[in-house]
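Trainee: Next comes model19.cif, mmCIF, C-alpha atoms:
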```cif
data_work
#
loop_
_atom_site.group_PDB
_atom_site.id
_atom_site.type_symbol
_atom_site.label_atom_id
_atom_site.label_comp_id
_atom_site.auth_asym_id
_atom_site.auth_seq_id
_atom_site.Cartn_x
_atom_site.Cartn_y
_atom_site.Cartn_z
ATOM 1 C CA MET A 1 0.000 0.000 0.000
ATOM 2 C CA ALA A 2 1.251 3.477 -0.770
ATOM 3 C CA GLY A 3 2.306 5.211 2.406
ATOM 4 C CA HIS A 4 2.430 8.744 3.688
ATOM 5 C CA SER A 5 5.425 10.942 4.287
ATOM 6 C CA ALA A 6 5.798 9.963 7.939
ATOM 7 C CA THR A 7 4.712 13.348 9.223
ATOM 8 C CA GLU A 8 2.106 14.100 11.837
ATOM 9 C CA ASP A 9 -0.133 16.130 9.509
ATOM 10 C CA TRP A 10 -1.764 13.036 7.956
ATOM 11 C CA ALA A 11 -2.955 11.497 11.233
ATOM 12 C CA PRO A 12 -6.693 10.839 11.437
ATOM 13 C CA THR A 13 -8.567 12.997 13.906
ATOM 14 C CA GLY A 14 -8.239 11.723 17.468
ATOM 15 C CA ILE A 15 -4.904 9.939 17.016
ATOM 16 C CA ASP A 16 -2.357 10.776 19.717
ATOM 17 C CA THR A 17 0.894 10.962 17.778
ATOM 18 C CA SER A 18 2.899 11.343 20.986
ATOM 19 C CA VAL A 19 2.215 7.729 21.961
ATOM 20 C CA PRO A 20 3.736 4.839 19.966
ATOM 21 C CA SER A 21 1.471 2.237 18.408
ATOM 22 C CA ILE A 22 2.356 -1.448 18.056
ATOM 23 C CA ALA A 23 1.059 -1.475 14.475
ATOM 24 C CA ARG A 24 3.031 1.641 13.510
ATOM 25 C CA VAL A 25 6.260 0.503 15.233
ATOM 26 C CA TYR A 26 6.065 -2.735 13.247
ATOM 27 C CA ASP A 27 5.490 -0.688 10.081
ATOM 28 C CA ALA A 28 8.606 1.349 10.897
ATOM 29 C CA MET A 29 10.652 -1.816 11.442
ATOM 30 C CA LEU A 30 9.559 -3.026 8.006
ATOM 31 C CA GLY A 31 10.706 0.271 6.490
ATOM 32 C CA GLY A 32 7.158 1.533 5.883
ATOM 33 C CA LYS A 33 5.975 5.142 5.921
ATOM 34 C CA ASP A 34 2.761 4.885 7.937
ATOM 35 C CA ASN A 35 4.362 5.821 11.249
ATOM 36 C CA PHE A 36 5.400 8.816 13.329
ATOM 37 C CA ALA A 37 8.599 9.962 15.010
ATOM 38 C CA VAL A 38 7.587 8.326 18.283
ATOM 39 C CA ASP A 39 7.134 4.976 16.515
ATOM 40 C CA ARG A 40 10.445 5.274 14.664
ATOM 41 C CA ALA A 41 12.184 6.014 17.967
ATOM 42 C CA VAL A 42 11.070 2.630 19.315
ATOM 43 C CA ALA A 43 12.125 0.883 16.098
ATOM 44 C CA GLU A 44 15.564 2.555 16.230
ATOM 45 C CA LYS A 45 16.021 1.554 19.854
ATOM 46 C CA VAL A 46 15.166 -2.051 18.994
ATOM 47 C CA ARG A 47 17.645 -1.968 16.109
ATOM 48 C CA GLY A 48 20.261 -0.641 18.518
ATOM 49 C CA VAL A 49 19.871 -3.761 20.656
ATOM 50 C CA LEU A 50 19.330 -6.163 17.748
ATOM 51 C CA PRO A 51 20.802 -4.797 14.494
ATOM 52 C CA ILE A 52 19.015 -7.328 12.254
ATOM 53 C CA SER A 53 15.530 -6.628 13.672
ATOM 54 C CA LYS A 54 14.339 -5.411 10.248
ATOM 55 C CA GLU A 55 15.254 -8.786 8.744
ATOM 56 C CA SER A 56 13.425 -10.481 11.617
ATOM 57 C CA ALA A 57 10.347 -8.353 10.885
ATOM 58 C CA TRP A 58 10.368 -9.520 7.254
ATOM 59 C CA GLU A 59 10.790 -13.137 8.364
ATOM 60 C CA HIS A 60 7.664 -12.586 10.452
ATOM 61 C CA ARG A 61 5.781 -11.391 7.385
ATOM 62 C CA GLU A 62 6.939 -14.354 5.344
ATOM 63 C CA VAL A 63 5.858 -16.896 7.954
ATOM 64 C CA LEU A 64 2.394 -15.309 8.019
ATOM 65 C CA ALA A 65 2.093 -16.002 4.292
ATOM 66 C CA ARG A 66 3.260 -19.591 4.765
ATOM 67 C CA GLY A 67 0.764 -20.059 7.585
ATOM 68 C CA VAL A 68 -2.129 -18.749 5.521
ATOM 69 C CA ARG A 69 -1.151 -20.901 2.541
ATOM 70 C CA TYR A 70 -0.973 -23.976 4.764
ATOM 71 C CA LEU A 71 -4.398 -23.297 6.260
ATOM 72 C CA THR A 72 -5.958 -22.807 2.823
ATOM 73 C CA SER A 73 -4.406 -26.129 1.752
ATOM 74 C CA GLN A 74 -6.311 -27.699 4.658
ATOM 75 C CA GLY A 75 -9.612 -26.347 3.368
ATOM 76 C CA ILE A 76 -9.830 -23.201 5.490
ATOM 77 C CA ASP A 77 -11.622 -20.451 3.569
ATOM 78 C CA GLN A 78 -12.353 -17.916 6.319
ATOM 79 C CA PHE A 79 -9.817 -16.098 8.473
ATOM 80 C CA LEU A 80 -9.954 -13.882 11.545
ATOM 81 C CA ASP A 81 -6.679 -11.937 11.652
ATOM 82 C CA LEU A 82 -6.424 -10.577 15.203
ATOM 83 C CA GLY A 83 -4.033 -7.706 15.830
ATOM 84 C CA SER A 84 -3.419 -7.540 12.093
ATOM 85 C CA GLY A 85 -1.382 -4.326 12.005
ATOM 86 C CA LEU A 86 -1.024 -1.996 9.027
ATOM 87 C CA PRO A 87 -1.374 -3.340 5.480
ATOM 88 C CA THR A 88 1.912 -4.114 3.789
ATOM 89 C CA VAL A 89 2.984 -6.896 1.395
ATOM 90 C CA GLN A 90 1.602 -10.458 1.477
ATOM 91 C CA ASN A 91 -1.459 -9.424 3.446
ATOM 92 C CA THR A 92 -3.678 -12.251 4.671
ATOM 93 C CA HIS A 93 -6.506 -11.642 2.202
ATOM 94 C CA GLN A 94 -4.097 -11.471 -0.749
ATOM 95 C CA VAL A 95 -2.421 -14.753 0.162
ATOM 96 C CA ALA A 96 -5.682 -16.524 0.978
ATOM 97 C CA GLN A 97 -7.551 -15.280 -2.073
ATOM 98 C CA ALA A 98 -4.650 -16.187 -4.376
ATOM 99 C CA ALA A 99 -5.253 -19.788 -3.300
ATOM 100 C CA ASN A 100 -9.034 -19.513 -3.037
ATOM 101 C CA PRO A 101 -10.719 -16.449 -4.560
ATOM 102 C CA LYS A 102 -13.757 -17.066 -2.360
ATOM 103 C CA ALA A 103 -11.780 -16.859 0.897
ATOM 104 C CA ARG A 104 -13.087 -14.361 3.438
ATOM 105 C CA VAL A 105 -10.927 -12.347 5.824
ATOM 106 C CA VAL A 106 -11.683 -10.016 8.717
ATOM 107 C CA TYR A 107 -8.831 -7.934 10.103
ATOM 108 C CA VAL A 108 -9.068 -6.766 13.713
ATOM 109 C CA ASP A 109 -6.815 -4.092 15.233
ATOM 110 C CA ASN A 110 -7.199 -1.460 17.937
ATOM 111 C CA ASP A 111 -5.316 1.254 16.007
ATOM 112 C CA PRO A 112 -7.806 3.430 14.035
ATOM 113 C CA ILE A 113 -5.124 4.118 11.421
ATOM 114 C CA VAL A 114 -5.329 0.435 10.440
ATOM 115 C CA LEU A 115 -9.036 0.948 9.654
ATOM 116 C CA THR A 116 -8.292 4.084 7.616
ATOM 117 C CA HIS A 117 -5.676 2.393 5.453
ATOM 118 C CA GLY A 118 -7.511 -0.906 5.323
ATOM 119 C CA ARG A 119 -10.637 0.693 3.872
ATOM 120 C CA ALA A 120 -8.561 2.314 1.132
ATOM 121 C CA LEU A 121 -6.803 -0.959 0.321
ATOM 122 C CA LEU A 122 -9.985 -3.040 0.381
ATOM 123 C CA ALA A 123 -12.332 -0.745 -1.516
ATOM 124 C CA GLY A 124 -14.524 -2.965 -3.669
ATOM 125 C CA ASP A 125 -13.499 -6.197 -1.912
ATOM 126 C CA ALA A 126 -16.710 -7.544 -0.414
ATOM 127 C CA ARG A 127 -14.939 -10.597 1.017
ATOM 128 C CA THR A 128 -12.575 -8.664 3.288
ATOM 129 C CA LYS A 129 -13.319 -6.240 6.112
ATOM 130 C CA VAL A 130 -11.432 -4.311 8.793
ATOM 131 C CA VAL A 131 -12.743 -3.837 12.330
ATOM 132 C CA THR A 132 -11.402 -1.484 14.991
ATOM 133 C CA ALA A 133 -11.689 -3.487 18.207
ATOM 134 C CA ASP A 134 -9.631 -4.790 21.106
ATOM 135 C CA LEU A 135 -8.743 -8.455 20.652
ATOM 136 C CA ARG A 136 -8.554 -8.791 24.446
ATOM 137 C CA ASP A 137 -12.383 -8.744 24.429
ATOM 138 C CA PRO A 138 -13.288 -11.821 22.349
ATOM 139 C CA ALA A 139 -17.017 -11.522 23.054
ATOM 140 C CA ASP A 140 -17.057 -8.003 21.610
ATOM 141 C CA VAL A 141 -14.920 -8.922 18.590
ATOM 142 C CA LEU A 142 -16.995 -11.970 17.720
ATOM 143 C CA SER A 143 -20.270 -10.048 18.015
ATOM 144 C CA ARG A 144 -19.257 -7.264 15.616
ATOM 145 C CA PRO A 145 -21.540 -7.082 12.546
ATOM 146 C CA GLU A 146 -18.565 -7.111 10.167
ATOM 147 C CA VAL A 147 -17.313 -10.332 11.746
ATOM 148 C CA ARG A 148 -20.724 -11.998 11.781
ATOM 149 C CA GLU A 149 -21.279 -11.015 8.145
ATOM 150 C CA LEU A 150 -18.167 -12.749 6.822
ATOM 151 C CA ILE A 151 -17.241 -15.355 9.456
ATOM 152 C CA ASP A 152 -19.484 -18.377 10.055
ATOM 153 C CA LEU A 153 -18.558 -19.691 13.487
ATOM 154 C CA ASP A 154 -20.342 -22.961 12.729
ATOM 155 C CA ARG A 155 -17.664 -23.743 10.124
ATOM 156 C CA PRO A 156 -13.898 -24.165 10.589
ATOM 157 C CA LEU A 157 -11.900 -20.955 10.429
ATOM 158 C CA GLY A 158 -8.321 -19.817 10.685
ATOM 159 C CA LEU A 159 -7.516 -17.819 13.809
ATOM 160 C CA LEU A 160 -4.401 -15.746 13.199
ATOM 161 C CA LEU A 161 -2.539 -14.213 16.147
ATOM 162 C CA VAL A 162 0.701 -13.178 14.485
ATOM 163 C CA GLY A 163 3.088 -11.047 16.504
ATOM 164 C CA VAL A 164 0.434 -9.909 18.949
ATOM 165 C CA VAL A 165 0.029 -12.223 21.978
ATOM 166 C CA HIS A 166 3.422 -11.156 23.315
ATOM 167 C CA HIS A 167 1.906 -7.677 23.675
ATOM 168 C CA LEU A 168 -0.571 -9.023 26.244
ATOM 169 C CA ALA A 169 0.686 -8.788 29.809
ATOM 170 C CA ASP A 170 0.555 -11.799 32.098
ATOM 171 C CA THR A 171 -2.171 -10.001 34.054
ATOM 172 C CA GLU A 172 -4.316 -9.913 30.898
ATOM 173 C CA ASP A 173 -4.376 -13.741 30.782
ATOM 174 C CA PRO A 174 -3.183 -14.263 27.200
ATOM 175 C CA ALA A 175 -3.851 -18.002 27.366
ATOM 176 C CA GLY A 176 -7.398 -17.279 28.499
ATOM 177 C CA VAL A 177 -7.944 -14.822 25.645
ATOM 178 C CA VAL A 178 -6.724 -17.369 23.087
ATOM 179 C CA LYS A 179 -8.936 -20.056 24.658
ATOM 180 C CA GLN A 180 -12.039 -17.867 24.360
ATOM 181 C CA TYR A 181 -11.545 -17.570 20.612
ATOM 182 C CA LEU A 182 -10.888 -21.293 20.281
ATOM 183 C CA ASP A 183 -13.951 -22.140 22.365
ATOM 184 C CA ALA A 184 -16.081 -20.085 19.951
ATOM 185 C CA ALA A 185 -14.516 -21.712 16.872
ATOM 186 C CA ALA A 186 -15.899 -24.833 15.246
ATOM 187 C CA PRO A 187 -14.016 -28.150 15.380
ATOM 188 C CA GLY A 188 -11.546 -28.316 12.522
ATOM 189 C CA SER A 189 -10.519 -24.688 13.020
ATOM 190 C CA PHE A 190 -6.838 -23.796 13.152
ATOM 191 C CA LEU A 191 -4.852 -21.455 15.370
ATOM 192 C CA PHE A 192 -1.727 -19.972 13.793
ATOM 193 C CA LEU A 193 0.327 -17.982 16.289
ATOM 194 C CA THR A 194 3.750 -16.381 16.581
ATOM 195 C CA HIS A 195 5.342 -15.110 19.764
ATOM 196 C CA PHE A 196 8.562 -13.550 21.071
ATOM 197 C CA ARG A 197 10.619 -16.376 22.574
ATOM 198 C CA SER A 198 12.866 -15.894 25.577
ATOM 199 C CA GLN A 199 16.544 -16.211 24.716
ATOM 200 C CA PRO A 200 18.576 -14.619 27.545
ATOM 201 C CA PRO A 201 20.538 -12.438 27.718
ATOM 202 C CA THR A 202 19.647 -10.862 24.336
ATOM 203 C CA THR A 203 15.919 -10.876 24.960
ATOM 204 C CA ASP A 204 16.297 -9.367 28.442
ATOM 205 C CA ALA A 205 17.496 -6.105 26.889
ATOM 206 C CA LEU A 206 14.926 -6.245 24.095
ATOM 207 C CA GLU A 207 12.096 -6.822 26.530
ATOM 208 C CA GLN A 208 13.125 -3.760 28.499
ATOM 209 C CA VAL A 209 13.076 -1.664 25.307
ATOM 210 C CA PHE A 210 9.564 -2.805 24.460
ATOM 211 C CA LEU A 211 8.218 -2.464 27.987
ATOM 212 C CA SER A 212 9.770 0.946 28.655
ATOM 213 C CA MET A 213 9.022 2.567 25.272
ATOM 214 C CA LEU A 214 5.928 0.734 24.056
ATOM 215 C CA GLY A 215 4.458 -0.494 27.326
ATOM 216 C CA SER A 216 4.213 -4.098 26.148
ATOM 217 C CA GLY A 217 6.276 -6.918 24.681
ATOM 218 C CA ARG A 218 6.877 -10.055 26.738
ATOM 219 C CA PHE A 219 9.422 -12.692 25.767
ATOM 220 C CA ARG A 220 7.994 -15.992 26.996
ATOM 221 C CA THR A 221 9.575 -19.414 27.294
ATOM 222 C CA GLN A 222 9.059 -22.263 24.855
ATOM 223 C CA THR A 223 6.872 -24.002 27.443
ATOM 224 C CA GLU A 224 4.710 -20.904 27.930
ATOM 225 C CA ILE A 225 4.210 -20.517 24.185
ATOM 226 C CA GLU A 226 3.365 -24.187 23.692
ATOM 227 C CA ALA A 227 0.750 -23.873 26.453
ATOM 228 C CA LEU A 228 -1.201 -21.455 24.230
ATOM 229 C CA PHE A 229 -1.996 -24.449 21.988
ATOM 230 C CA GLU A 230 -3.394 -26.587 24.814
ATOM 231 C CA GLY A 231 -6.028 -29.018 23.560
ATOM 232 C CA LEU A 232 -5.094 -28.659 19.895
ATOM 233 C CA GLU A 233 -3.625 -31.189 17.485
ATOM 234 C CA MET A 234 -0.247 -29.661 16.655
ATOM 235 C CA VAL A 235 0.857 -29.230 13.056
ATOM 236 C CA GLU A 236 4.383 -30.406 12.276
ATOM 237 C CA PRO A 237 7.033 -29.253 13.082
ATOM 238 C CA GLY A 238 5.436 -27.872 16.264
ATOM 239 C CA VAL A 239 6.474 -24.573 17.834
ATOM 240 C CA VAL A 240 9.774 -23.596 16.222
ATOM 241 C CA GLU A 241 11.730 -20.499 15.196
ATOM 242 C CA LEU A 242 10.261 -18.641 12.219
ATOM 243 C CA PRO A 243 12.604 -19.860 9.446
ATOM 244 C CA ARG A 244 12.026 -23.500 10.433
ATOM 245 C CA TRP A 245 8.214 -23.374 10.352
ATOM 246 C CA ARG A 246 7.297 -25.143 7.086
ATOM 247 C CA PRO A 247 9.822 -23.278 4.876
ATOM 248 C CA ASP A 248 9.210 -23.065 1.142
ATOM 249 C CA GLY A 249 12.753 -24.251 0.403
ATOM 250 C CA PRO A 250 15.311 -26.460 2.139
ATOM 251 C CA LEU A 251 14.993 -26.667 5.912
ATOM 252 C CA PRO A 252 17.304 -24.055 7.476
ATOM 253 C CA GLN A 253 19.877 -25.186 9.989
ATOM 254 C CA ALA A 254 19.032 -24.448 13.614
ATOM 255 C CA THR A 255 20.841 -21.413 14.999
ATOM 256 C CA ASP A 256 21.414 -19.830 18.358
ATOM 257 C CA GLY A 257 21.035 -16.332 16.934
ATOM 258 C CA PRO A 258 18.178 -13.884 16.356
ATOM 259 C CA SER A 259 16.149 -16.403 14.340
ATOM 260 C CA ASN A 260 15.356 -18.066 17.657
ATOM 261 C CA LEU A 261 13.776 -14.929 19.088
ATOM 262 C CA ILE A 262 10.348 -15.489 17.544
ATOM 263 C CA ALA A 263 8.531 -18.822 17.456
ATOM 264 C CA ALA A 264 5.673 -19.943 15.236
ATOM 265 C CA GLY A 265 3.216 -22.760 15.565
ATOM 266 C CA ALA A 266 -0.151 -24.016 14.342
ATOM 267 C CA GLY A 267 -2.711 -26.330 15.861
ATOM 268 C CA ARG A 268 -6.073 -27.779 14.821
ATOM 269 C CA LYS A 269 -9.115 -27.921 17.063
ATOM 270 C CA PRO A 270 -10.114 -31.594 17.175
ATOM 271 C CA ALA A 271 -13.591 -32.967 16.640
ATOM 272 C CA VAL A 272 -15.662 -33.200 19.793
#
```
If you convert what's in this file into C-alpha cells, what do you get?
Mentor:
Amino acid sequence: MAGHSATEDWAPTGIDTSVPSIARVYDAMLGGKDNFAVDRAVAEKVRGVLPISKESAWEHREVLARGVRYLTSQGIDQFLDLGSGLPTVQNTHQVAQAANPKARVVYVDNDPIVLTHGRALLAGDARTKVVTADLRDPADVLSRPEVRELIDLDRPLGLLLVGVVHHLADTEDPAGVVKQYLDAAAPGSFLFLTHFRSQPPTTDALEQVFLSMLGSGRFRTQTEIEALFEGLEMVEPGVVELPRWRPDGPLPQATDGPSNLIAAGAGRKPAV
C-alpha cells in the first residue's frame, strides 16, 4: 500500500501521535511510511539492541504467508486476523484469495489508522473487512456485525494471532484470551500464532526496550508458548523459530542467533 510521508499532519482525527502504536512501530521496522517519530524512535532503539531486527520483521511477514497458505491447503476459507497491524505486502486476504478467490478475511486491530488504510486498500473487496476493536475482548470482537457477516462460526476458520500475543501482559491472561476464541470456533478450526521467545541475555534487553518505550512486549519461554496451543492437534514441526516453520525451500539449519527470538506454531481444534 502506498504510504504517507511519515509526518504528523496526515494522522486521522483523534490519534495521539505522541504515543507509539504497536502497528506503527512494526510498520517502521519493516521500512514503511505509515508511522510517526515516536514509533520510529522505538524501532531505532530495537535496532540498537538487535541490528538485524528489520530482517526479523520480514521473516515474520513471510511466515504469516506460509501459515495462511498452509491453512488454505487444509480447506480453510475464512480467516480472523487478530491484531493484524497496518497493510503491507503479502497481506492475509491477498495470500488466501490467491489460493481460493472465495476466501473471506476479517482484520481486527485497535489502532484506528489500520481501519483508515484498510478501507482504502480493500475498496470494492466484499470478502474482506477491517474492524477497529480490542482483541482482548473476544465476546465483543466476535459479536461485531462485520465479523458476523463474513465469518461463520459454525464452520472451521483460521484464527491468526501473528506477533500480537506477546503484547498481552501476564495479568491480561493471554492463554485465556486465546482459549475464548478457540472455544467459539468450530471443530476443525486452526490457530496460527507467533510469539517472542525468551533467549537470555539478548531478549532481556529487548524486553526492556519494548516495555519501557511501548508499554508491552513479553518474551515468553518455549513451554509458555506451547501452552497457548493446549487441547489442539499440533501441526508439524510444532512450535519452532520462524525460518524453520514449514519453509518453502530447504529446511534451514538451527541457529542460536536472532532467528530463535520469535517462534511460530499451528494447531487444529479436534472434533468433539
Trainee: On this structure, which residues satisfy the PyMOL selection byres ((chain A and resi 237-240) around 9), written as a ChimeraX atom specification?
Mentor: /A:194,222,225-226,234-236,241-246,260,262-267
Trainee: Nearest to Arg24 in chain A: which of A:Gln199, A:Ser84, A:Gln90, A:Thr223 is it, counting all atoms listed in the file?
Mentor: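 Closest candidate: A:Ser84.
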Trainee: Under the PyMOL selection byres ((chain A and resi 71) around 10), which residues of this model are included? Write them out as a PyMOL selection string.
Mentor: chain A and resi 65-70+72-79+96+157-159+189-192+266+268
Trainee: Measure the distance from CA of Val25 in chain A to CA of Phe196 in chain A in Å and round it to one decimal.
Mentor: 15.4 Å
Trainee: Just checking: using only C-alpha atoms, which residue out of A:Arg218, A:Arg40, A:His93, A:Lys45 ends up closest to Leu160 in chain A?
Mentor: A:His93
Trainee: Which one of A:Arg136, A:Lys269, A:His167, A:Lys33 sits closest to Arg155 in chain A if you count all atoms listed in the file?
Mentor: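 Among A:Arg136, A:Lys269, A:His167, A:Lys33, it is A:Lys269 that comes nearest to Arg155 in chain A.
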Trainee: Please, what distance in Å, to one decimal, runs between CA of Val164 in chain A and CA of His195 in chain A?
Mentor: 7.2 Å
Trainee: Which polymer residues have any atom within 6 Å of an atom of range 107-119 of chain A, counting all atoms listed in the file, with same-chain residues fewer than 3 positions away left out, as a list in words?
Mentor: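 So, after excluding close chain neighbours, the residues are Asp81, Leu82, Gly83, Ser84, Leu86, Leu122, Ala123, Val130, Val131, Thr132, Ala133 and Asp134 of chain A.
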Trainee: Could you give me, as a PyMOL selection string, the residues within 9 Å of Val177 in chain A, counting all atoms listed in the file and dropping anything in the same chain fewer than 5 positions from it?
Mentor: chain A and resi 135-138+172+182
Trainee: Would you please work out which residue, of A:Asp154, A:Asp16, A:Glu230, A:Glu62, is nearest to Val38 in chain A when using all atoms listed in the file?
Mentor: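 Between A:Asp154, A:Asp16, A:Glu230, A:Glu62, the residue approaching Val38 in chain A most closely is A:Asp16.
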Trainee: Mind pulling up the distance from CA of Ile22 in chain A to CA of Gly217 in chain A?
Mentor: 9.4 Å
Trainee: Under the rule that all atoms listed in the file are counted, which of A:Asp173, A:Asp183, A:Asp204, A:Asp140 is the nearest residue to Pro156 in chain A?
Mentor: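 So, comparing all the options, the nearest one is A:Asp183.
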Trainee: Nearest to Ala43 in chain A among A:Pro174, A:Pro200, A:Pro145, A:Gly31, with distances taken over only C-alpha atoms: which residue is it?
Mentor: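 Result for the nearest residue to Ala43 in chain A: A:Gly31.
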Trainee: For the structure just given, write the atoms of range 237-246 of chain A, namely all heavy atoms, as a PDB file, in the first residue's frame.
Mentor:
```
ATOM      1  N   PRO A 237       6.084 -28.651  12.138  1.00  0.00           N
ATOM      2  CA  PRO A 237       7.033 -29.253  13.082  1.00  0.00           C
ATOM      3  C   PRO A 237       6.841 -28.784  14.530  1.00  0.00           C
ATOM      4  O   PRO A 237       7.797 -28.818  15.310  1.00  0.00           O
ATOM      5  CB  PRO A 237       8.369 -28.753  12.538  1.00  0.00           C
ATOM      6  CG  PRO A 237       8.048 -27.377  12.037  1.00  0.00           C
ATOM      7  CD  PRO A 237       6.659 -27.460  11.475  1.00  0.00           C
ATOM      8  N   GLY A 238       5.650 -28.361  14.909  1.00  0.00           N
ATOM      9  CA  GLY A 238       5.436 -27.872  16.264  1.00  0.00           C
ATOM     10  C   GLY A 238       5.756 -26.395  16.382  1.00  0.00           C
ATOM     11  O   GLY A 238       5.657 -25.636  15.412  1.00  0.00           O
ATOM     12  N   VAL A 239       6.130 -25.979  17.574  1.00  0.00           N
ATOM     13  CA  VAL A 239       6.474 -24.573  17.834  1.00  0.00           C
ATOM     14  C   VAL A 239       7.976 -24.408  17.655  1.00  0.00           C
ATOM     15  O   VAL A 239       8.764 -24.907  18.463  1.00  0.00           O
ATOM     16  CB  VAL A 239       6.043 -24.156  19.256  1.00  0.00           C
ATOM     17  CG1 VAL A 239       6.469 -22.721  19.545  1.00  0.00           C
ATOM     18  CG2 VAL A 239       4.527 -24.301  19.409  1.00  0.00           C
ATOM     19  N   VAL A 240       8.358 -23.726  16.581  1.00  0.00           N
ATOM     20  CA  VAL A 240       9.774 -23.596  16.222  1.00  0.00           C
ATOM     21  C   VAL A 240      10.063 -22.159  15.794  1.00  0.00           C
ATOM     22  O   VAL A 240       9.150 -21.366  15.559  1.00  0.00           O
ATOM     23  CB  VAL A 240      10.149 -24.559  15.078  1.00  0.00           C
ATOM     24  CG1 VAL A 240       9.998 -26.008  15.515  1.00  0.00           C
ATOM     25  CG2 VAL A 240       9.307 -24.286  13.831  1.00  0.00           C
ATOM     26  N   GLU A 241      11.365 -21.843  15.651  1.00  0.00           N
ATOM     27  CA  GLU A 241      11.730 -20.499  15.196  1.00  0.00           C
ATOM     28  C   GLU A 241      11.193 -20.268  13.781  1.00  0.00           C
ATOM     29  O   GLU A 241      11.004 -21.198  12.999  1.00  0.00           O
ATOM     30  CB  GLU A 241      13.244 -20.290  15.252  1.00  0.00           C
ATOM     31  CG  GLU A 241      14.061 -21.272  14.443  1.00  0.00           C
ATOM     32  CD  GLU A 241      14.548 -22.455  15.271  1.00  0.00           C
ATOM     33  OE1 GLU A 241      13.852 -22.870  16.223  1.00  0.00           O
ATOM     34  OE2 GLU A 241      15.646 -22.968  14.950  1.00  0.00           O
ATOM     35  N   LEU A 242      10.955 -18.993  13.463  1.00  0.00           N
ATOM     36  CA  LEU A 242      10.261 -18.641  12.219  1.00  0.00           C
ATOM     37  C   LEU A 242      10.808 -19.336  10.967  1.00  0.00           C
ATOM     38  O   LEU A 242      10.038 -19.907  10.199  1.00  0.00           O
ATOM     39  CB  LEU A 242      10.286 -17.116  12.006  1.00  0.00           C
ATOM     40  CG  LEU A 242       9.563 -16.249  13.046  1.00  0.00           C
ATOM     41  CD1 LEU A 242       9.503 -14.808  12.547  1.00  0.00           C
ATOM     42  CD2 LEU A 242       8.168 -16.763  13.350  1.00  0.00           C
ATOM     43  N   PRO A 243      12.129 -19.286  10.704  1.00  0.00           N
ATOM     44  CA  PRO A 243      12.604 -19.860   9.446  1.00  0.00           C
ATOM     45  C   PRO A 243      12.366 -21.361   9.325  1.00  0.00           C
ATOM     46  O   PRO A 243      12.353 -21.891   8.211  1.00  0.00           O
ATOM     47  CB  PRO A 243      14.108 -19.547   9.460  1.00  0.00           C
ATOM     48  CG  PRO A 243      14.277 -18.424  10.425  1.00  0.00           C
ATOM     49  CD  PRO A 243      13.230 -18.662  11.470  1.00  0.00           C
ATOM     50  N   ARG A 244      12.170 -22.043  10.454  1.00  0.00           N
ATOM     51  CA  ARG A 244      12.026 -23.500  10.433  1.00  0.00           C
ATOM     52  C   ARG A 244      10.565 -23.952  10.403  1.00  0.00           C
ATOM     53  O   ARG A 244      10.284 -25.149  10.366  1.00  0.00           O
ATOM     54  CB  ARG A 244      12.752 -24.122  11.635  1.00  0.00           C
ATOM     55  CG  ARG A 244      14.263 -23.951  11.561  1.00  0.00           C
ATOM     56  CD  ARG A 244      14.958 -24.537  12.796  1.00  0.00           C
ATOM     57  NE  ARG A 244      14.733 -25.968  12.936  1.00  0.00           N
ATOM     58  CZ  ARG A 244      15.403 -26.907  12.261  1.00  0.00           C
ATOM     59  NH1 ARG A 244      16.325 -26.564  11.380  1.00  0.00           N
ATOM     60  NH2 ARG A 244      15.153 -28.188  12.460  1.00  0.00           N
ATOM     61  N   TRP A 245       9.618 -22.976  10.415  1.00  0.00           N
ATOM     62  CA  TRP A 245       8.214 -23.374  10.352  1.00  0.00           C
ATOM     63  C   TRP A 245       7.803 -23.520   8.874  1.00  0.00           C
ATOM     64  O   TRP A 245       7.567 -22.559   8.188  1.00  0.00           O
ATOM     65  CB  TRP A 245       7.290 -22.388  11.065  1.00  0.00           C
ATOM     66  CG  TRP A 245       5.932 -23.015  11.297  1.00  0.00           C
ATOM     67  CD1 TRP A 245       5.569 -23.788  12.357  1.00  0.00           C
ATOM     68  CD2 TRP A 245       4.808 -22.976  10.414  1.00  0.00           C
ATOM     69  NE1 TRP A 245       4.271 -24.232  12.200  1.00  0.00           N
ATOM     70  CE2 TRP A 245       3.781 -23.753  11.014  1.00  0.00           C
ATOM     71  CE3 TRP A 245       4.557 -22.373   9.182  1.00  0.00           C
ATOM     72  CZ2 TRP A 245       2.532 -23.930  10.425  1.00  0.00           C
ATOM     73  CZ3 TRP A 245       3.309 -22.563   8.580  1.00  0.00           C
ATOM     74  CH2 TRP A 245       2.311 -23.326   9.208  1.00  0.00           C
ATOM     75  N   ARG A 246       7.754 -24.770   8.423  1.00  0.00           N
ATOM     76  CA  ARG A 246       7.297 -25.143   7.086  1.00  0.00           C
ATOM     77  C   ARG A 246       7.870 -24.220   6.000  1.00  0.00           C
ATOM     78  O   ARG A 246       7.125 -23.550   5.266  1.00  0.00           O
ATOM     79  CB  ARG A 246       5.769 -25.175   7.031  1.00  0.00           C
ATOM     80  CG  ARG A 246       5.148 -26.080   8.111  1.00  0.00           C
ATOM     81  CD  ARG A 246       3.665 -26.226   7.949  1.00  0.00           C
ATOM     82  NE  ARG A 246       3.350 -27.131   6.846  1.00  0.00           N
ATOM     83  CZ  ARG A 246       3.274 -28.460   6.964  1.00  0.00           C
ATOM     84  NH1 ARG A 246       3.493 -29.046   8.145  1.00  0.00           N
ATOM     85  NH2 ARG A 246       2.985 -29.203   5.922  1.00  0.00           N
TER      86      ARG A 246
END
```
